[in-house]
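Notes to accompany the following structure.
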Amino acid sequence: MKPHKQTCALVFGGTQGLGLAIAERLLAEGCTNLVIAARDVAKGEAAARQLGASFVPCDLADVAQVLDVVDQAAAIMGRIDALCLAGASTDRGSILDTTPQMWDQMMAVNAKGPFFALQRVAQLARAANHPASVVNILSMVVHCGQSFLAPYSASKAALANVTKNAANALRGDRIRVNGINCGWMDTPGEDSVQRRYHGAQDGWLAAAEAKQPFGMLVKPEHVAQLAAYMLGPNSGVMTGSIVDFDQNVSGAYPE
C-alpha cells in the first residue's frame with residue numbers, strides 16, 4: 001500500500017519550489033486529501049489545478065489567517081494528520097542594517113505563523129484523539145548563516161527550537177514533529193532572490209553548481225522524499241529530529 005493513501009495533508013507554501021515538490025510527492029505516494037496554502041492567489045489556484053488539490057489563501061504573518069486556514073483545511077478533509085510548513089520569507093539583512101520592521105516581519109512569517117499553525121493542528125488532533133505528523137522546513141542557517149541573513153537565520157533558529165520543544169510536548173498525544181535544515185536549493189524563488197539581491201544574470205545557476213561538491217545545488221524533489229517519509233507511517237516513532245540536508249558539513253573547516 002502506498003504510505004500516504006490515508007493521509008490528509010496541509011502544506012503551507014505548497015504552491016512553488018520545495019512546498020510544491022512536497023505536495024507532489026505526497027500525491028505520488030497515495031495522498032488524495034491535500035490542501036495547499038500560500039499568499040499568491042493566482043499561483044495558488046494554478047498549483048491547485050495542477051495537483052488536483054484545494055487551495056486556501058494565507059499570509060503566514062497573519063495569525064488569524066493561519067488559524068482560519070487550518071480550520072478550513074480540517075473542514076475540507078475531515079481532519080489534518082500531516083502538516084508541512086514550507087512557506088518562508090528570505091529577505092536580506094545584516095546585524096548592521098536590519099530594521100525593527102524587517103525583524104518583526106521575518107519572525108512573523110518564519111516563526112510565529114508556523115508556531116500557531118502547528119498549535120492549531122495539534123489542538124484539533126488531540127481533541128479528536130488521532131495521531132499526526134508535522135515537518136518544519138528549516139535551513140542550514142540555523143547553525144550560523146551568512147552575514148546578510150541575520151534575521152532569517154534567527155527566525156529559522158527559533159523555529160528549530162519550536163520543532164524540538166513541540167516534539168517533546170506532543171509525543172504523549174502521538175503527534176510527531178520533525179524538521180529539515182535545507183542547504184542552498186535550486187528553486188524559482190532562489191533564482192528571483194539571486195537576481196534581486198545579488199545581481200545574478202542568466203547562467204548563474206550553472207556557474208554556482210559547477211563549484212559544488214556534487215555538481216548541483218540541493219534539489220526540491222530530493223528533500224521532498226525525506227519530508228514525505230517524515231510525514232508518513234514509515235518513519236515510525238521518529239520525532240524531535242532535525243536533519244541537515246546539504247553537501248556542506250556544519251562545523252567542518254578547510255583542510
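Identifiers in this document derive from the order of the C-alpha cells: chains are assigned A, B, ..., residues are numbered from 1 separately in each chain, and ligands are numbered from 1 in order of occurrence.
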Within 12 Å of Val193 of chain A, counting only C-alpha atoms, which residues qualify if same-chain residues fewer than 6 places away don't, as a compact mmCIF listing (two decimals) with N, CA and C atoms, in the first residue's frame?
# COMPACT_ATOMS: atom_id res chain seq x y z
N SER A 89 9.93 33.72 4.41
CA SER A 89 10.48 34.94 3.83
C SER A 89 11.99 34.86 3.93
N THR A 90 12.68 35.23 2.85
CA THR A 90 14.15 35.17 2.83
C THR A 90 14.77 36.54 2.57
N ASP A 91 14.10 37.61 2.95
CA ASP A 91 14.64 38.94 2.75
C ASP A 91 16.01 39.08 3.42
N ARG A 92 16.84 39.92 2.84
CA ARG A 92 18.21 40.09 3.31
C ARG A 92 18.31 41.18 4.37
N TRP A 184 21.61 25.24 0.26
CA TRP A 184 21.35 26.12 -0.89
C TRP A 184 20.60 25.31 -1.96
N MET A 185 19.39 25.79 -2.29
CA MET A 185 18.48 24.98 -3.10
C MET A 185 18.13 25.66 -4.43
N ASP A 186 17.97 24.84 -5.43
CA ASP A 186 17.59 25.28 -6.77
C ASP A 186 16.08 25.36 -6.87
N THR A 187 15.56 26.58 -6.70
CA THR A 187 14.11 26.82 -6.80
C THR A 187 13.86 28.11 -7.57
N GLY A 199 22.52 40.52 -7.92
CA GLY A 199 22.88 40.90 -9.28
C GLY A 199 23.15 39.74 -10.21
N ALA A 200 22.57 38.58 -9.92
CA ALA A 200 22.81 37.40 -10.76
C ALA A 200 22.22 37.59 -12.15
N GLN A 201 22.90 37.02 -13.14
CA GLN A 201 22.45 37.07 -14.52
C GLN A 201 22.16 35.65 -15.00
N TRP A 204 23.75 31.96 -13.91
CA TRP A 204 24.29 31.92 -12.55
C TRP A 204 24.18 30.54 -11.93
Close residues, Val63 of chain A itself excluded, 8 Å, only C-alpha atoms, min 5 positions apart in chain, as a PyMOL selection string: chain A and resi 112-113+116
Considering only C-alpha atoms, tabulate each residue of segment 90-132 of chain A that lies at most 12 Å from segment 66-86 of chain A along with its nearest interatomic pair and the corresponding distance in Å to one decimal; arrange the rows by chain and ascending residue number and present them as JSON lines.
{"residue": "A:Ala108", "atom": "CA", "partner": "A:Val66", "partner_atom": "CA", "distance": 11.2}
{"residue": "A:Val109", "atom": "CA", "partner": "A:Val66", "partner_atom": "CA", "distance": 10.4}
{"residue": "A:Asn110", "atom": "CA", "partner": "A:Leu85", "partner_atom": "CA", "distance": 9.2}
{"residue": "A:Ala111", "atom": "CA", "partner": "A:Leu85", "partner_atom": "CA", "distance": 10.1}
{"residue": "A:Lys112", "atom": "CA", "partner": "A:Val66", "partner_atom": "CA", "distance": 10.0}
{"residue": "A:Gly113", "atom": "CA", "partner": "A:Val66", "partner_atom": "CA", "distance": 6.6}
{"residue": "A:Pro114", "atom": "CA", "partner": "A:Leu85", "partner_atom": "CA", "distance": 6.4}
{"residue": "A:Phe115", "atom": "CA", "partner": "A:Leu85", "partner_atom": "CA", "distance": 9.6}
{"residue": "A:Phe116", "atom": "CA", "partner": "A:Leu67", "partner_atom": "CA", "distance": 7.1}
{"residue": "A:Ala117", "atom": "CA", "partner": "A:Val66", "partner_atom": "CA", "distance": 6.0}
{"residue": "A:Leu118", "atom": "CA", "partner": "A:Leu83", "partner_atom": "CA", "distance": 7.6}
{"residue": "A:Gln119", "atom": "CA", "partner": "A:Leu67", "partner_atom": "CA", "distance": 9.0}
{"residue": "A:Arg120", "atom": "CA", "partner": "A:Leu67", "partner_atom": "CA", "distance": 6.5}
{"residue": "A:Val121", "atom": "CA", "partner": "A:Val70", "partner_atom": "CA", "distance": 6.7}
{"residue": "A:Ala122", "atom": "CA", "partner": "A:Asp81", "partner_atom": "CA", "distance": 9.1}
{"residue": "A:Gln123", "atom": "CA", "partner": "A:Val70", "partner_atom": "CA", "distance": 10.7}
{"residue": "A:Leu124", "atom": "CA", "partner": "A:Arg79", "partner_atom": "CA", "distance": 7.9}
{"residue": "A:Ala125", "atom": "CA", "partner": "A:Asp81", "partner_atom": "CA", "distance": 7.2}
{"residue": "A:Arg126", "atom": "CA", "partner": "A:Asp81", "partner_atom": "CA", "distance": 10.7}
{"residue": "A:Ala127", "atom": "CA", "partner": "A:Arg79", "partner_atom": "CA", "distance": 10.9}
{"residue": "A:Ala128", "atom": "CA", "partner": "A:Arg79", "partner_atom": "CA", "distance": 8.6}
{"residue": "A:Asn129", "atom": "CA", "partner": "A:Arg79", "partner_atom": "CA", "distance": 10.8}
{"residue": "A:His130", "atom": "CA", "partner": "A:Asp81", "partner_atom": "CA", "distance": 7.7}
{"residue": "A:Pro131", "atom": "CA", "partner": "A:Asp81", "partner_atom": "CA", "distance": 6.5}
{"residue": "A:Ala132", "atom": "CA", "partner": "A:Asp81", "partner_atom": "CA", "distance": 4.1}
State, in Å with one decimal place, the distance from atom CA of Gln50 of chain A to atom CA of Ala28 of chain A.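 Those two atoms sit 13.2 Å apart.
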In terms of the shortest atom-to-atom distance over only C-alpha atoms, which of A:Gly251, A:Ser235, A:Ala64, A:Asp40 is closest to Cys144 of chain A?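 Of the candidates, the smallest distance to Cys144 of chain A is held by A:Gly251.
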Measuring between only C-alpha atoms, which one of A:Ala252, A:Ala88, A:Met140, A:Ala227 shows the shortest distance to Leu60 of chain A?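 Among the listed residues, A:Ala88 lies closest to Leu60 of chain A.
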DSSP says strand (DSSP E) for which residues of segment 27-134 of chain A? Put them as a PyMOL selection string? chain A and resi 33-38+54-57+82-85+132-134
Can those selected residues be exported to a file as an mmCIF file, in the first residue's frame so that it contains C-alpha atoms?
data_model
loop_
_atom_site.group_PDB
_atom_site.id
_atom_site.type_symbol
_atom_site.label_atom_id
_atom_site.label_comp_id
_atom_site.auth_asym_id
_atom_site.auth_seq_id
_atom_site.Cartn_x
_atom_site.Cartn_y
_atom_site.Cartn_z
ATOM 1 C CA ASN A 33 -6.722 14.628 0.506
ATOM 2 C CA LEU A 34 -4.492 17.661 0.130
ATOM 3 C CA VAL A 35 -4.833 21.360 0.884
ATOM 4 C CA ILE A 36 -2.150 23.879 -0.059
ATOM 5 C CA ALA A 37 -1.908 27.389 1.351
ATOM 6 C CA ALA A 38 0.099 30.433 0.290
ATOM 7 C CA SER A 54 -7.701 22.507 -2.644
ATOM 8 C CA PHE A 55 -6.153 25.946 -2.229
ATOM 9 C CA VAL A 56 -6.727 28.376 0.641
ATOM 10 C CA PRO A 57 -5.006 31.790 0.520
ATOM 11 C CA ALA A 82 0.088 15.691 8.132
ATOM 12 C CA LEU A 83 1.251 19.299 8.293
ATOM 13 C CA CYS A 84 4.203 20.710 6.384
ATOM 14 C CA LEU A 85 5.348 24.271 6.967
ATOM 15 C CA ALA A 132 -0.464 13.469 13.373
ATOM 16 C CA SER A 133 2.920 14.322 11.905
ATOM 17 C CA VAL A 134 4.476 17.733 11.311
#
With only C-alpha atoms as the atoms that count, which of A:Lys43, A:Gly19, A:Val162, A:Ala208 lies nearest to Gln194 of chain A?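 Checking each candidate against Gln194 of chain A, we get A:Ala208 as the closest.
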Gap from atom CA of Arg39 of chain A to atom CA of Leu20 of chain A - Å, one decimal: 13.7 Å
If you count only C-alpha atoms, which residues fall within 9 Å of Val177 of chain A, apart from same-chain ones fewer than 6 positions away, as a ChimeraX atom specification? /A:132-136,163-164,166-168,170-171,230-231,238-241
Which one of A:Arg176, A:Pro220, A:Asp246, A:Asn234 sits closest to Pro188 of chain A if you count only C-alpha atoms? A:Pro220
Near Trp103 of chain A, within 6 Å and counting only C-alpha atoms, which residues show up once chain neighbours fewer than 3 positions away are dropped, as a list in words?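 Listed by chain and then number, they are Pro100, Met106 and Pro151 of chain A.
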Any chance you could export the current selection's N, CA and C atoms as a CSV table (one decimal), in the first residue's frame?
chain,number,residue,atom,x,y,z
A,100,PRO,N,13.9,47.2,12.7
A,100,PRO,CA,12.9,46.6,13.5
A,100,PRO,C,11.7,46.0,12.7
A,106,MET,N,10.0,39.1,9.5
A,106,MET,CA,10.7,37.9,9.3
A,106,MET,C,10.3,36.9,10.4
A,151,PRO,N,18.4,38.2,10.2
A,151,PRO,CA,17.1,38.0,10.8
A,151,PRO,C,16.5,36.7,10.3
Write out as a PyMOL selection string each polymer residue whose atoms come within 8 Å of Ser94 of chain A, counting only C-alpha atoms; drop sequence neighbours fewer than 3 positions from it. chain A and resi 97-98+147-151
Could you write out the selected residues, including C-alpha atoms, as a PDB file, in the first residue's frame?
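Result saved to out19.pdb:
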ATOM      1  CA  ASP A  97      21.261  47.186   8.730  1.00  0.00           C
ATOM      2  CA  THR A  98      18.250  45.074   9.747  1.00  0.00           C
ATOM      3  CA  SER A 147      26.119  37.888   7.482  1.00  0.00           C
ATOM      4  CA  PHE A 148      23.393  39.120   5.122  1.00  0.00           C
ATOM      5  CA  LEU A 149      20.907  36.593   6.534  1.00  0.00           C
ATOM      6  CA  ALA A 150      20.867  37.720  10.168  1.00  0.00           C
ATOM      7  CA  PRO A 151      17.078  37.967  10.758  1.00  0.00           C
TER       8      PRO A 151
END
Calculate how many Å separate atom CA of Gly14 of chain A from atom CA of Gly203 of chain A, rounding to one decimal.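 Value for the atom CA of Gly14 of chain A-atom CA of Gly203 of chain A distance: 26.7 Å.
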